[in-house]
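Asker: Can you keep this structure in mind? I'll have questions shortly.
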Amino acid sequence: MKTTTKVFGLVAGLLAAASGFGLLAWLFSLQASAGLAQWGYGGYFTAVAVAAGLPLLLALAGLPWLRREESKLGAGLAVASIALAGLVIAGLAIGFGELQLRSRALTKPLPASNLVEPAAGIALRGPAGRDGGPVARLSLSSDPHWGKQSANAAARTATLKSLAAAQPARDAFFILGDNVEMGMDEAPWREEALELAALLPAMPLRPLLGNHDGLVNGEHHFRKYFFPDKFRTDSGSPFYYSIEAGPAKIIVLNLLWGAESFDAEQRAWLEKTLAATPTERPVIVLSHCFFASSGYVDEDTGMPWYDHFGTLAEVAPILERHKVDLVVSGHNHYMELLERNGVTYATIGALGGKPDPEPTFLSPSSLWFARGVYGRLDLDVSATSIALAFRDRDGGLLKEWTVKAAR
Ligand SMILES: [Fe+2]
């Protein structure tokens, strides 16, 4: 066996490793990938890294025999590395092509949606409050998981219908992420957009990105369906921004699995935005991932799905320092009301996604908790307070609470 074959084995190994590195770099540049690795699903990425590195390892193992043309072992290793490199490069190329095709599929025309453009704000359309001042009537729910068999489609539809019938009409409806089960598939995004257009034709809508929506390159469908290119935000990002809604200042954060998506840029923008907002204004932060929450340890991954170690450590201190009044999130499929260090938290993962397991951990911050109930959270925001109303799928009242705006 000639030395050139062995050198070629080395080159092939390097090419396979570079292909794997390229694919991983692309995956980690996408929303929700870093969290996937952190929250117990790193095996997918490890498998790519091992497969991509194996041909190079074989070629390197043959290096000591590089100049010994008679060595059968050296020759065998070189041929094995070339063959394996060919298989790995072909496999990675097919995988990349499949991910691109699936995540970029788009059926036209797109359903017409009445979407909230963050920079344009939310117009108040209802009557004034008892004191004659304006009231922002916001409704929120999360984790509908369109496209998931175990999601409760009937409860989701009932919740949307009761929202459409609410009087006075709500000013906007936020879906706090996990719109779909798997973001790279187009069908559930389309199903969602069609159902929202049919049931809530007049309702200004603002869906957020959740960890499931991001999978894999799901941000492409999110943008096409719910965040057109022409939409402007004060941050420049389609994933975090602020929205003016009469007396309410709404701040949307990009927290998918936890604080892994809270990069330096987002942190700096949040600090700047909160510093520029008078503390007497009602400030409401919305995010997919929760902060304080009751919950459980995931059986498959061993990860703790309760009082979030990432968001509580990295983000909550900023919210406390700037006296944010209320934080509403999803991610955990429960309804919960909590209070922690002067900030009120609400979880409203109740738009159809299968309820999470019965909690084995009750958050010390918990004030009220409900599992297996679908519905929404209504916020009536005046200049001085935020009235919360947790409602079931038919609009029936489950729990009321009032937060006074920090002064
Ligand atoms: Fe979810």
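Numbering starts fresh at 1 for the residues of each chain in the structure tokens, the chains themselves are lettered A, B, ... in the order given, and ligands are numbered from 1 as they appear.
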If DSSP is run on the backbone, what residues of segment 140-238 of chain A are helix (DSSP H, G or I)? A reply as a count of residues only would be ideal.

Answerer: 39

Asker: Enumerate as a PyMOL selection string all residues of segment 205-353 of chain A assigned to strand (DSSP E or B) by DSSP on the backbone, naming them with the chain letters and numbers the document uses.

Answerer: chain A and resi 205-207+241-245+248-252+283-287+295-297+304-305+326-329+335-340+343-348

Asker: Name each residue within 12 Å of ligand 1, counting only C-alpha atoms and all ligand atoms, as a ChimeraX atom specification.

Answerer: /A:141-146,148,150-151,175-182,209-214,256-257,288-290,305,329-334,347-356

Asker: Residues of segment 212-243 of chain A that have any atom at most 12 Å from an atom of segment 191-195 of chain A: could you tabulate them with the shortest-distance atom pair and the distance in Å to one decimal, using only C-alpha atoms, ordered by chain and increasing number, as a Markdown table?

Answerer:
```
| residue | atom | partner | partner_atom | distance |
| --- | --- | --- | --- | --- |
| A:His221 | CA | A:Ala193 | CA | 11.2 |
| A:Phe222 | CA | A:Ala193 | CA | 10.7 |
| A:Lys224 | CA | A:Ala193 | CA | 10.9 |
| A:Tyr225 | CA | A:Ala193 | CA | 7.2 |
| A:Phe226 | CA | A:Ala193 | CA | 8.4 |
```

Asker: Hey, what's within 9 Å of Arg393 of chain A if we count only C-alpha atoms and toss same-chain stuff fewer than 3 positions away? As a short mmCIF file (atom, residue, chain, number, x, y, z; two decimals) with N, CA and C atoms, in the first residue's frame, please?

Answerer:
```cif
data_model
loop_
_atom_site.label_atom_id
_atom_site.label_comp_id
_atom_site.auth_asym_id
_atom_site.auth_seq_id
_atom_site.Cartn_x
_atom_site.Cartn_y
_atom_site.Cartn_z
N ALA A 155 -60.07 20.96 24.11
CA ALA A 155 -59.90 21.98 25.16
C ALA A 155 -59.30 23.25 24.58
N ARG A 156 -58.38 23.08 23.63
CA ARG A 156 -57.74 24.23 22.98
C ARG A 156 -58.79 25.05 22.22
N THR A 157 -59.62 24.35 21.43
CA THR A 157 -60.65 25.04 20.65
C THR A 157 -61.64 25.74 21.58
N ALA A 158 -62.05 25.06 22.66
CA ALA A 158 -63.01 25.66 23.59
C ALA A 158 -62.41 26.92 24.22
N THR A 159 -61.14 26.86 24.58
CA THR A 159 -60.48 28.03 25.19
C THR A 159 -60.47 29.21 24.22
N LEU A 160 -60.17 28.94 22.95
CA LEU A 160 -60.13 30.02 21.95
C LEU A 160 -61.53 30.59 21.72
N LYS A 161 -62.54 29.71 21.73
CA LYS A 161 -63.92 30.19 21.51
C LYS A 161 -64.38 31.07 22.66
N SER A 162 -64.07 30.66 23.89
CA SER A 162 -64.52 31.47 25.04
C SER A 162 -63.78 32.80 25.07
N LEU A 163 -62.54 32.79 24.59
CA LEU A 163 -61.77 34.04 24.52
C LEU A 163 -62.40 34.99 23.50
N ALA A 350 -51.51 26.02 29.56
CA ALA A 350 -52.84 25.41 29.67
C ALA A 350 -53.65 25.48 28.39
N LEU A 351 -52.98 25.59 27.23
CA LEU A 351 -53.73 25.75 25.98
C LEU A 351 -53.81 24.43 25.19
N VAL A 373 -56.14 21.44 34.21
CA VAL A 373 -57.19 22.41 33.85
C VAL A 373 -56.68 23.20 32.65
N TYR A 374 -57.51 23.31 31.61
CA TYR A 374 -57.13 24.11 30.44
C TYR A 374 -57.78 25.47 30.52
N GLY A 375 -57.18 26.45 29.84
CA GLY A 375 -57.79 27.77 29.86
C GLY A 375 -56.79 28.87 29.60
N ARG A 376 -57.04 30.04 30.21
CA ARG A 376 -56.20 31.21 29.91
C ARG A 376 -56.07 32.07 31.16
N GLY A 396 -64.86 30.25 32.70
CA GLY A 396 -65.23 30.28 34.12
C GLY A 396 -64.04 30.70 34.99
#
```

Asker: May I have the residues within 10 Å of Ser294 of chain A as a list of chain:residue names, using only C-alpha atoms and disregarding those fewer than 6 positions away in the same chain?

Answerer: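 Here the qualifying residues turn out to be A:Trp305, A:Tyr306, A:Asp307, A:His308, A:Asn332, A:Tyr334, A:Met335, A:Glu336, A:Leu337, A:Leu338, A:Thr347, A:Glu358, A:Pro359, A:Thr360, A:Phe361, A:Leu362, A:Ser363, A:Pro364, A:Ser365, A:Ser366, A:Phe369.
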